[in-house]
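Trainee: Just dropping this structure here.
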Amino acid sequence: MIIEQTIDKLNWIKLCTMAREYQKQMESVDISSMSFDERFGMLVDAEWTSRQNKYLANLVKKAGMRYNARIEEVIYKQDRNLDRQMMIQLSTCTWIAERLDVIITGATGTGKTFIGCVLGNCACRNNYKVLYKRVPRLLTDLAISKGDGSYNKLMKELKKVRLLILDDWGLAPLDPAEGRDFLEVIEERHQNNSTLIISQVPIGNWHALFSDPTVADAVLDRLVHGSYLIELGGDTMRKYRK
């Protein structure tokens with residue numbers, strides 16, 4: 001009866017994993033050989049692991065990444081031009097702690113978004129808040145926010161997230177308003193938090209995407225210099241994704 005009451009109390013105070021682990025201990029024939037400290041440590045470890053897993057899952061869900069991709073799933077083909085040591089280094093997320101940026105370029109199908117989401121997943125594993133946005137959608141959201149009065153709120157959210165992943169950069173040239181909006185996002189984040197840019201357009205062609213060359217110079221100066229660069233090559237990777 002005491003055991004059942006203890007389990008009920010653990011569940012009531014939302015220590016459900018600890019309650020299940022305690023029940024397993026009571027059903028184990030080997031538990032008597034363990035000390036109280038050992039048994040209690042097992043209960044705490046089970047609850048802590050469960051909560052960490054839930055926290056990670058919540059970070060990944062809120063990030064909105066296209067793929068829940070992990071570093072263990074990366075394929076290093078010789079013609080892919082993907083440096084394993086660089087990926088290992090980036091997976092530690094020291095670049096986020098140092099507020100640096102990453103740029104991933106390559107042709108369609110080379111796995112740019114997948115690699116970007118891998119690094120986003122690594123950031124979540126290191127307890128960093130991540131947000132994934134396609135640039136066309138971001139520009140639309142910024143334009144709408146100016147009309148409904150939520151622009152400052154949106155910019156504040158974009159500024160404070162530790163890693164902002166911007167996918168599909170450069171699909172179309174930017175008009176003057178879009179160029180200024182994009183510069184505003186980059187300027188707010190520069191040296192404050194990290195940004196990861198994913199594009200099928202080579203960096204050498206980025207300047208031409210802006211109608212205002214002054215804005216182009218400002219964006220490229222903040223994004224390109226000092227960033228980690230991954231230039232993917234090779235054939236399409238879609239055949240490797242089940």
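Within each chain, counting starts at residue 1; across the structure tokens, chains are named A, B, ... in the order shown, with ligands numbered 1 upward in that order.
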Per residue of segment 150-198 of chain A within 10 Å of segment 110-125 of chain A, which atom pair is closest and at what distance in Å (one decimal), using only C-alpha atoms, listed by chain and increasing number, as JSON lines?

Mentor:
{"residue": "A:Arg162", "atom": "CA", "partner": "A:Ala123", "partner_atom": "CA", "distance": 8.7}
{"residue": "A:Leu163", "atom": "CA", "partner": "A:Gly120", "partner_atom": "CA", "distance": 7.5}
{"residue": "A:Leu164", "atom": "CA", "partner": "A:Gly120", "partner_atom": "CA", "distance": 8.8}
{"residue": "A:Ile165", "atom": "CA", "partner": "A:Gly116", "partner_atom": "CA", "distance": 7.3}
{"residue": "A:Leu166", "atom": "CA", "partner": "A:Gly116", "partner_atom": "CA", "distance": 9.1}
{"residue": "A:Asp167", "atom": "CA", "partner": "A:Thr113", "partner_atom": "CA", "distance": 7.0}
{"residue": "A:Asp168", "atom": "CA", "partner": "A:Thr113", "partner_atom": "CA", "distance": 8.6}
{"residue": "A:Leu196", "atom": "CA", "partner": "A:Gly116", "partner_atom": "CA", "distance": 7.3}
{"residue": "A:Ile197", "atom": "CA", "partner": "A:Gly116", "partner_atom": "CA", "distance": 8.3}
{"residue": "A:Ile198", "atom": "CA", "partner": "A:Lys112", "partner_atom": "CA", "distance": 6.4}

Trainee: Please, could you write that set of residues out with C-alpha atoms as a CSV table (one decimal), in the first residue's frame?

Mentor:
chain,number,residue,atom,x,y,z
A,162,ARG,CA,20.3,32.1,-31.1
A,163,LEU,CA,20.4,30.5,-34.5
A,164,LEU,CA,18.3,31.7,-37.4
A,165,ILE,CA,18.4,29.4,-40.5
A,166,LEU,CA,17.4,31.2,-43.7
A,167,ASP,CA,16.8,28.8,-46.6
A,168,ASP,CA,16.2,29.4,-50.3
A,196,LEU,CA,22.9,30.2,-41.2
A,197,ILE,CA,22.3,31.0,-44.9
A,198,ILE,CA,21.3,28.3,-47.4

Trainee: For Ala208 of chain A, which of A:Gly147, A:Gly41, A:Pro136, A:Gly170 is the closest residue, counting only C-alpha atoms?

Mentor: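 Closest residue, counting only C-alpha atoms: A:Gly170.
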
Trainee: What are the DSSP alpha helix (DSSP H) residues of segment 80-240 of chain A, as a PyMOL selection string?

Mentor: chain A and resi 84-91+94-97+112-125+135-148+151-160+176-189+213-223

Trainee: List every residue of segment 33-187 of chain A that DSSP, applied to the backbone of this structure, assigns to strand (DSSP E or B), and report them as a list in words.

Mentor: Val102, Ile103, Ile104, Thr105, Val130, Leu131, Tyr132, Lys133, Arg134, Leu163, Leu164, Ile165, Leu166, Asp167 and Leu174 of chain A

Trainee: Tell me, as a PDB file with N, CA, C and O atoms, in the first residue's frame, which residues lie within 12 Å of Lys24 of chain A, counting only C-alpha atoms; anything in the same chain fewer than 4 positions away does not count.

Mentor:
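Result went into out04.pdb, see below:
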ATOM      1  N   ILE A   3       3.885   1.600  -1.165  1.00  0.00           N
ATOM      2  CA  ILE A   3       4.506   1.725  -2.484  1.00  0.00           C
ATOM      3  C   ILE A   3       3.530   2.347  -3.476  1.00  0.00           C
ATOM      4  O   ILE A   3       3.877   3.261  -4.241  1.00  0.00           O
ATOM      5  N   ILE A   7       3.898   5.932  -5.494  1.00  0.00           N
ATOM      6  CA  ILE A   7       3.799   6.045  -6.956  1.00  0.00           C
ATOM      7  C   ILE A   7       2.724   7.037  -7.353  1.00  0.00           C
ATOM      8  O   ILE A   7       2.911   7.860  -8.267  1.00  0.00           O
ATOM      9  N   THR A  17       8.060   9.690 -14.940  1.00  0.00           N
ATOM     10  CA  THR A  17       9.143   8.764 -15.277  1.00  0.00           C
ATOM     11  C   THR A  17       9.763   8.186 -14.021  1.00  0.00           C
ATOM     12  O   THR A  17      10.070   6.984 -13.962  1.00  0.00           O
ATOM     13  N   MET A  18       9.937   9.001 -13.010  1.00  0.00           N
ATOM     14  CA  MET A  18      10.467   8.519 -11.741  1.00  0.00           C
ATOM     15  C   MET A  18       9.523   7.487 -11.122  1.00  0.00           C
ATOM     16  O   MET A  18       9.975   6.487 -10.545  1.00  0.00           O
ATOM     17  N   ALA A  19       8.228   7.708 -11.277  1.00  0.00           N
ATOM     18  CA  ALA A  19       7.240   6.761 -10.751  1.00  0.00           C
ATOM     19  C   ALA A  19       7.367   5.413 -11.453  1.00  0.00           C
ATOM     20  O   ALA A  19       7.336   4.353 -10.806  1.00  0.00           O
ATOM     21  N   ARG A  20       7.517   5.437 -12.782  1.00  0.00           N
ATOM     22  CA  ARG A  20       7.659   4.181 -13.530  1.00  0.00           C
ATOM     23  C   ARG A  20       8.950   3.469 -13.161  1.00  0.00           C
ATOM     24  O   ARG A  20       8.981   2.236 -13.030  1.00  0.00           O
ATOM     25  N   SER A  28      11.962  -5.666  -9.263  1.00  0.00           N
ATOM     26  CA  SER A  28      13.233  -6.311  -9.567  1.00  0.00           C
ATOM     27  C   SER A  28      13.716  -7.157  -8.390  1.00  0.00           C
ATOM     28  O   SER A  28      13.699  -6.708  -7.242  1.00  0.00           O
ATOM     29  N   VAL A  29      14.183  -8.340  -8.699  1.00  0.00           N
ATOM     30  CA  VAL A  29      14.672  -9.242  -7.642  1.00  0.00           C
ATOM     31  C   VAL A  29      16.082  -8.861  -7.191  1.00  0.00           C
ATOM     32  O   VAL A  29      16.535  -9.290  -6.128  1.00  0.00           O
ATOM     33  N   ASP A  30      16.772  -8.051  -8.008  1.00  0.00           N
ATOM     34  CA  ASP A  30      18.155  -7.697  -7.688  1.00  0.00           C
ATOM     35  C   ASP A  30      18.267  -6.363  -6.953  1.00  0.00           C
ATOM     36  O   ASP A  30      19.375  -5.953  -6.594  1.00  0.00           O
ATOM     37  N   ILE A  31      17.144  -5.698  -6.721  1.00  0.00           N
ATOM     38  CA  ILE A  31      17.207  -4.358  -6.174  1.00  0.00           C
ATOM     39  C   ILE A  31      17.732  -4.321  -4.744  1.00  0.00           C
ATOM     40  O   ILE A  31      18.323  -3.335  -4.305  1.00  0.00           O
ATOM     41  N   ARG A  39      19.962   3.485  -5.760  1.00  0.00           N
ATOM     42  CA  ARG A  39      18.592   3.409  -6.258  1.00  0.00           C
ATOM     43  C   ARG A  39      18.011   4.798  -6.505  1.00  0.00           C
ATOM     44  O   ARG A  39      17.362   5.046  -7.522  1.00  0.00           O
ATOM     45  N   MET A  42      19.388   6.310  -9.664  1.00  0.00           N
ATOM     46  CA  MET A  42      18.752   5.770 -10.856  1.00  0.00           C
ATOM     47  C   MET A  42      17.414   6.450 -11.121  1.00  0.00           C
ATOM     48  O   MET A  42      17.065   6.729 -12.275  1.00  0.00           O
ATOM     49  N   LEU A  43      16.662   6.712 -10.070  1.00  0.00           N
ATOM     50  CA  LEU A  43      15.373   7.392 -10.216  1.00  0.00           C
ATOM     51  C   LEU A  43      15.560   8.804 -10.769  1.00  0.00           C
ATOM     52  O   LEU A  43      14.853   9.225 -11.696  1.00  0.00           O
ATOM     53  N   ALA A  46      16.701   8.767 -14.473  1.00  0.00           N
ATOM     54  CA  ALA A  46      15.606   8.442 -15.390  1.00  0.00           C
ATOM     55  C   ALA A  46      14.725   9.662 -15.631  1.00  0.00           C
ATOM     56  O   ALA A  46      14.345   9.970 -16.776  1.00  0.00           O
TER      57      ALA A  46
END

Trainee: List as a PyMOL selection string the protein and nucleic acid residues near Ile186 of chain A, meaning an atom at most 8 Å away when only C-alpha atoms are counted, but skip any in the same chain fewer than 2 places from it.

Mentor: chain A and resi 182-184+188-190+219+222-223

Trainee: Please produce a file of the residues just selected, as a PDB file, in the first residue's frame, where the atoms kept are N, CA, C and O atoms.

Mentor:
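Contents of again23.pdb, freshly written:
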ATOM      1  N   PHE A 182      15.762  42.823 -45.549  1.00  0.00           N
ATOM      2  CA  PHE A 182      16.742  41.759 -45.327  1.00  0.00           C
ATOM      3  C   PHE A 182      17.978  42.313 -44.612  1.00  0.00           C
ATOM      4  O   PHE A 182      18.508  41.677 -43.694  1.00  0.00           O
ATOM      5  N   LEU A 183      18.411  43.487 -45.013  1.00  0.00           N
ATOM      6  CA  LEU A 183      19.545  44.125 -44.343  1.00  0.00           C
ATOM      7  C   LEU A 183      19.220  44.377 -42.877  1.00  0.00           C
ATOM      8  O   LEU A 183      20.081  44.182 -42.002  1.00  0.00           O
ATOM      9  N   GLU A 184      18.006  44.787 -42.581  1.00  0.00           N
ATOM     10  CA  GLU A 184      17.622  45.072 -41.207  1.00  0.00           C
ATOM     11  C   GLU A 184      17.729  43.819 -40.345  1.00  0.00           C
ATOM     12  O   GLU A 184      18.216  43.868 -39.209  1.00  0.00           O
ATOM     13  N   GLU A 188      20.501  43.504 -37.348  1.00  0.00           N
ATOM     14  CA  GLU A 188      20.080  43.269 -35.971  1.00  0.00           C
ATOM     15  C   GLU A 188      20.783  42.059 -35.357  1.00  0.00           C
ATOM     16  O   GLU A 188      21.042  42.014 -34.156  1.00  0.00           O
ATOM     17  N   ARG A 189      21.098  41.074 -36.187  1.00  0.00           N
ATOM     18  CA  ARG A 189      21.684  39.835 -35.688  1.00  0.00           C
ATOM     19  C   ARG A 189      23.214  39.854 -35.699  1.00  0.00           C
ATOM     20  O   ARG A 189      23.840  39.065 -34.995  1.00  0.00           O
ATOM     21  N   HIS A 190      23.784  40.721 -36.490  1.00  0.00           N
ATOM     22  CA  HIS A 190      25.238  40.740 -36.662  1.00  0.00           C
ATOM     23  C   HIS A 190      25.950  40.948 -35.330  1.00  0.00           C
ATOM     24  O   HIS A 190      25.699  41.916 -34.608  1.00  0.00           O
ATOM     25  N   VAL A 219      25.007  44.106 -46.691  1.00  0.00           N
ATOM     26  CA  VAL A 219      24.619  42.727 -46.352  1.00  0.00           C
ATOM     27  C   VAL A 219      25.806  41.796 -46.495  1.00  0.00           C
ATOM     28  O   VAL A 219      26.101  40.989 -45.595  1.00  0.00           O
ATOM     29  N   ARG A 222      28.490  42.038 -43.790  1.00  0.00           N
ATOM     30  CA  ARG A 222      28.135  41.454 -42.497  1.00  0.00           C
ATOM     31  C   ARG A 222      28.030  39.943 -42.553  1.00  0.00           C
ATOM     32  O   ARG A 222      28.282  39.263 -41.554  1.00  0.00           O
ATOM     33  N   LEU A 223      27.643  39.412 -43.705  1.00  0.00           N
ATOM     34  CA  LEU A 223      27.397  37.971 -43.792  1.00  0.00           C
ATOM     35  C   LEU A 223      28.621  37.156 -44.193  1.00  0.00           C
ATOM     36  O   LEU A 223      28.899  36.107 -43.608  1.00  0.00           O
TER      37      LEU A 223
END

Trainee: Suppose you want the space between atom CA of Lys77 of chain A and atom CA of Ser199 of chain A; what is it in Å?

Mentor: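 Atom CA of Lys77 of chain A sits 20.3 Å away from atom CA of Ser199 of chain A.
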
Trainee: Please list as a list of chain:residue names every residue within 6 Å of segment 226-229 of chain A, counting only C-alpha atoms and excluding residues in the same chain fewer than 6 positions away.

Mentor: A:Asp101, A:Val102, A:Ile103

Trainee: Keeping only N, CA, C and O atoms, write the selected residues as a CSV table (one decimal), in the first residue's frame.

Mentor:
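Output (part-v5.csv):
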chain,number,residue,atom,x,y,z
A,101,ASP,N,28.7,33.0,-38.2
A,101,ASP,CA,27.7,32.6,-39.2
A,101,ASP,C,28.2,31.4,-40.0
A,101,ASP,O,29.4,31.2,-40.1
A,102,VAL,N,27.3,30.8,-40.7
A,102,VAL,CA,27.6,29.7,-41.6
A,102,VAL,C,26.8,29.9,-42.9
A,102,VAL,O,25.6,30.3,-42.9
A,103,ILE,N,27.5,29.7,-44.1
A,103,ILE,CA,26.9,29.8,-45.4
A,103,ILE,C,27.0,28.5,-46.1
A,103,ILE,O,28.1,27.9,-46.2
